[in-house]
Amino acid sequence: MSEIMMEARSLHRRFGGLRAVSDVSLAIYRNEVHAVIGPNGAGKSTLINLLSGDIPVSEGEVRLGDREITGLKPNLRAMAGVGRSYQKTTIFMGSTVFENVRLAAQAKSGHALRMLGAVQHDDAVNEAARAAIVATGLQARSGTIARFMSHGEQRQLEIAMVLATDPKVILLDEPLAGMGQAEALRMIALIRSLKQDRGVLLVEHDMDAVFALADRLTVMADGKVIASGLPDDVRNHPAVRAAYLGDHEVAA
Amino acid sequence: MIRLHPTMLRGLVALTLIAAAALPLLAPNYYVQFASKAMLMGMVALSLNLVVGYGGLVSLCHAAFFGLAGYMLGFMTPESGGASFWLSLPVALLAVAVVAAIIGALSLRTRGIYFIMVTLAFGEMLFYLFHDTKIGGGSDGMYIYFKPEIALAGFPLIDLEKSSNFYWLVLAMLVGAILLMTAIVKSPFGHALQAARDNEKRALSLGFPVFRLRLVAFVVSAVIAGLAGYLSAAQFGFVAPQMLGWHLSATVLVMVVLGGMSSVLGPVIGAFALIGLEEILKSSFEHWKLIKGLIIIAIVFALPGGIRQLAELVLPRRGDEGPPAAGTPADGTPDPAIRRAEAPGTNPQAQTRGEFQHV
Amino acid sequence: MDALTFAVQLLNGLQYGLVLFLVASGLTLVFGILGVINLAHGAFYMLGAYLAWWIAAYTGSFMLALIGGVAISFVLGLLLEEIFVKRMIGRDHLAQVLLSFGLILVIDEVRQILFGKDVHSVAPPAWLKGSIQLTDILSYPVYRIALCVVCLVLAALIFFVIQRTRLGMIIRAGAENRDMTRALGIPFDKVNRYVFAGGIALAALGGILVSPISTVFPGMGDGMLILSFVVVVLGGIGSVAGAAIGALMIGLTDTFGKVFFPQFSSILIYVLMAGILLWRPNGLMGKGN
C-alpha cells in the first residue's frame, strides 16, 4: 500500500450561509496523480485553497504525512513540503525564468532573512534552480523575462518554481487552462513526471488529460464528494454518470 | 535603466567621493552646512525606499523615526555639555527600533490604503506625543546646546563643533548607509522582500515569511532614518515636533519618487534635487510652497518615473550598445549563472530589463 | 463629575462626533467609490471655514456664508475631479498620496494669498446665539444644540440616499466591487464626479458649521484630516455606517479624554485605533474580515 502524502479529513468550508465544501475527505498517495473533477461551483478551487492554506477550514483536518497542518499558514505549509500552482498564473512577471525559479529555491533554503551575501553567489540555490528549470524543459528560456513568454511557458515556469521548493505534494489548479493542443500535451507529460516520489493533486476540466494522468479520481458536485476511487470504477459509478458525465458512453 | 560602462561608473563614483570629501576645504561654511543637511535628507530618503520601493509599501510615518531619534539626543544631552556619542547614538537607535517594531507589527497587519492611513495615524500619534505633552518642551521643542562628544577614555577624538568634522562624519555615515542598503538589496532578504512586493500570494506560497520580511525591512529603514535624525538634531541644535510630522514624511516620499524608486542611489539624488529646488524657490518667491505643490503635482502626472525618466531622454540607453544579459542585476554586473538568451524570433531588446518596472 | 456635567460632556462628544462623521463620510465615500486616497480632504475643511468667515464678514450673514461656502466647494470639487482626480483613478496609491499632498500645499498657499493666515472666529446666526440655562452656573450654547440637530438631519439624509435611492445603490455596489459595477455599464464618470464633489462639500460644510464654536486657523485642516482618517480606518473603508460608529467613538473618546487626561487625549484616540485594528484589520465594518 502506497504511502499517504497528504490527506483531507472531513473538510468543511462555509462562506456565510453558503457551504462551499461539505465533508470532503481524500488522500493523495505517493507516486500517484489524484485528479479532482466536477462541474463549475463544485467546490474544487475551494478544496485546493483549503489544502494549500490560502483559506482556513471551517471544520475538518488537513494532514501532511503524519503531521497535522490544518492551522498552518501558506508559507509554513510550503516549507513543510506543499507546493501549488494557481488557476491564474502566479509568477513574478518582471523577472527572468532563472530569477523566478531561483527565488523559489531560495525560499526552500530557509535563508529568507539573511542579509549578507549576494544571491548570485549561493551555489546550492543556483544549482537547485538549474535542476528545476531542466526538469521542466525551460533551459532555452532561462534568461527570458516571464512577461514575454507564452501562456503555456508561463505555466511551465510556475511548475518549475514549485519543483524548486522540493515539495512532497504538488497541488495543481487547472494547469491546462487556456492551452493549445501542443502545449497541453507537453504539460501532460510534465505532470506525469511530477508524481515520481511525490503525490500530485490535479484539479482539471480537460477530460483527456484527466484520464491520461489520473491514478485516482474524485468527483465533486455542490461541495460534496459524490464518488472517489480508481478512475474506471468512478467512471461507471451511476451517480457520477447522472450528475456529471451524462448518459453518453465515455471513450475508454 | 541608465546603464553606464562599469569602469566609467566606478570612475564617476570615485570622482564624486573625492569632490564631496574636499568640499569643506574649498567652500564657505554655509555650503558645507547645506551639504550636510542635504546628505542627511538623502539618508532618510534612502532608508524610506527600502520600504516603499523595494518593499512596495507606502509608509507615511517615516519622519516620526527621524524626529524621535533627534528627541532622544535632546533627552540625553545635558545642559552643561555634549552627550557621549558612543552612548547616546545606540540608545537613540534602539528606541527607534523598538517603536518601529511596535508600529510595524500593528500596521503590517493591514494592506493597501489601510496601511497608508494607519502609518499616517501612528506617525501623527508620535507627533502629538511631543506636541501636546511637556516631555520634549511641547510645541516649542527643545534646544541641544552641545554637539555629541566623540571621545575615548576621556580624550576627545573628533570635535564635532567644527562644521567640517561634522560634515565628514555625515558623509561617512551616508556612504555607509548606501553600502549597507546595496548589500541588503542584493541579499536573499532583499530578493525575498521584492518578491513579496511583486506577487505576495506567490511569495507566501513558496514559503517566504512575508510579514517577518516586511517587519524587518520596516525596522531597519526606521533605524537608518533615526541615524539621520540624530545627526540632524545635532547639526541644528534644536528639535521640534515638526520633525515628526507627516508633512515631512510626505516630502521624503516625494524625494524617493523624484529620484527613482528602483535603485539605491535614486532617492539620494531625489533628496538633493528637491532640497536644491526648495532653496532656489525659497529665495525667489514669497509663496514658494505654491510652486512646490505645483511641481509635485507635475511630477505625478508628467514624471512618474522621476529624474531617471528625464535623464533617459538625454542619455543613451545601454540597449544601444547591445542588449545586456537579461536578468542583469541593477548595478550592471552580469550574473555568471545566467546564459544569454537569444531564442530565435524574440526581440532581445524588448525582453531585457531596459526600464524600471515599478512606479 | 456630576450628572449634569457628564450630560454636557456627552452632548459635546456627540456633537463633535457628528461633525466628524460628516467630514469622514465624505472621505470614506471617495475612497470607496473612486478608490482614491485624498489627503487634501482636511484642506477643504479648512477652506470651508475660511470661506465662511470671508463671506460672513462681507455679507454679514452666516446663512449666506453657509450656502455660498458649500456651493463654491461643490463646484471646486467638480473642477478638481475633472482636472486631476479623474486621472488618478486606477493609479497606484503612491501617486494619489503625492498628488493630494501637492494639492494641500497649493490650497494652503492659495488660502494664504486670498485670506491671509490670521486666526478668525465667525459669529453664529443671530437666532442661534445665546445659551440655554441648565443650572445657575451651567449653560449650554444654543448653537451647539442646533449643530447636533443639523448634523443628525444630514446624517439621516446621507443614510437615506445611500440606502434608499438608486444613486445610493450604485454607490454601495461600487464600494463593494468597483470593477464589476463598472462592467455593468453604469455611467461611472458622472457618479465619480458627484461623489467627489459631494465629499469635498461635506468636508467644507463641516468646517463652516464648526467655525462659530471653534477658531478658524490655518492648521485646522491637518487635525481634522488625521481624525477623519482614523474614523474611516476604524469604521472600514467605504462604509458610511462604519464611519458613523467610528466618528461617535472618536468624538466621545476625545471629549472625555480631554476631561480626564488632557495631555494624552490625542494619543488615546490612536490607542483606540490600534486596539480595534488588532481585532479587525479591515475596520469594524470593513469587508474582508
# chains A, B, ... in the order shown; residues from 1 in each chain; ligands from 1
>>> select_by_dssp(residues="region 130-316 of chain B", states="helix (DSSP H, G or I)", output="PyMOL selection string")
chain B and resi 130-132+138-140+163-186+188-198+200-206+210-236+241-244+246-259+266-284+288-302+307-314
>>> closest_atom_pairs(of="chain B", to="chain C", cutoff="9 Å", atoms="only C-alpha atoms", output="tab-separated table")
residue	atom	partner	partner_atom	distance
B:Val52	CA	C:Leu94	CA	8.9
B:Leu57	CA	C:Leu94	CA	8.9
B:Val58	CA	C:Leu94	CA	6.3
B:Leu106	CA	C:Leu278	CA	6.8
B:Ser107	CA	C:Leu277	CA	8.5
B:Arg109	CA	C:Pro281	CA	6.2
B:Thr110	CA	C:Pro281	CA	5.6
B:Arg111	CA	C:Asn282	CA	8.5
B:Gly112	CA	C:His93	CA	7.6
B:Ile113	CA	C:His93	CA	7.1
B:Tyr114	CA	C:Val233	CA	6.4
B:Ile116	CA	C:His93	CA	8.5
B:Met117	CA	C:Phe229	CA	6.4
B:Val118	CA	C:Val233	CA	7.4
B:Leu120	CA	C:Ile226	CA	7.5
B:Ala121	CA	C:Ile226	CA	6.3
B:Phe122	CA	C:Tyr270	CA	6.9
B:Glu124	CA	C:Ile226	CA	7.5
B:Met125	CA	C:Ile267	CA	5.7
B:Leu126	CA	C:Ile267	CA	8.0
B:Tyr128	CA	C:Ser266	CA	6.6
B:Leu129	CA	C:Ile267	CA	6.7
B:Asp132	CA	C:Gln263	CA	5.9
B:Thr133	CA	C:Gln263	CA	5.5
B:Lys134	CA	C:Gln263	CA	8.5
B:His247	CA	C:Phe101	CA	8.2
B:Ala250	CA	C:Phe101	CA	7.1
B:Thr251	CA	C:Phe101	CA	8.6
B:Leu253	CA	C:Leu98	CA	7.7
B:Val254	CA	C:Leu98	CA	6.8
B:Val257	CA	C:Leu94	CA	8.8
B:His287	CA	C:Glu109	CA	6.6
B:Trp288	CA	C:Glu109	CA	8.6
B:Lys289	CA	C:Leu105	CA	6.0
B:Leu290	CA	C:Val106	CA	4.7
B:Ile291	CA	C:Val106	CA	7.6
B:Lys292	CA	C:Gly102	CA	7.4
B:Gly293	CA	C:Gly102	CA	4.0
B:Leu294	CA	C:Gly102	CA	6.3
B:Ile295	CA	C:Gly102	CA	7.7
B:Ile296	CA	C:Gly102	CA	5.3
B:Ile297	CA	C:Leu99	CA	5.2
B:Ala298	CA	C:Leu99	CA	8.6
B:Ile299	CA	C:Leu99	CA	8.7
B:Val300	CA	C:Ala95	CA	5.9
B:Phe301	CA	C:Arg87	CA	8.5
B:Pro304	CA	C:Ala95	CA	7.8
B:Val359	CA	C:Asp92	CA	8.2
>>> select_by_dssp(residues="region 46-124 of chain A", states="strand (DSSP E or B)", output="JSON, numbers by chain")
{"A": [59, 60, 61, 62, 63, 64, 67, 68, 82, 83, 84, 85, 96]}
>>> atom_distance(atom1="CA of Gly137 (chain B)", atom2="CA of Glu161 (chain B)")
24.1 Å
>>> residues_around(residues="Tyr194 (chain C)", least_positions_apart="6", cutoff="10 Å", atoms="only C-alpha atoms", output="list in words")
Val30, Phe74, Val75, Gly77, Leu78, Glu81, Phe188 and Ile200 of chain C
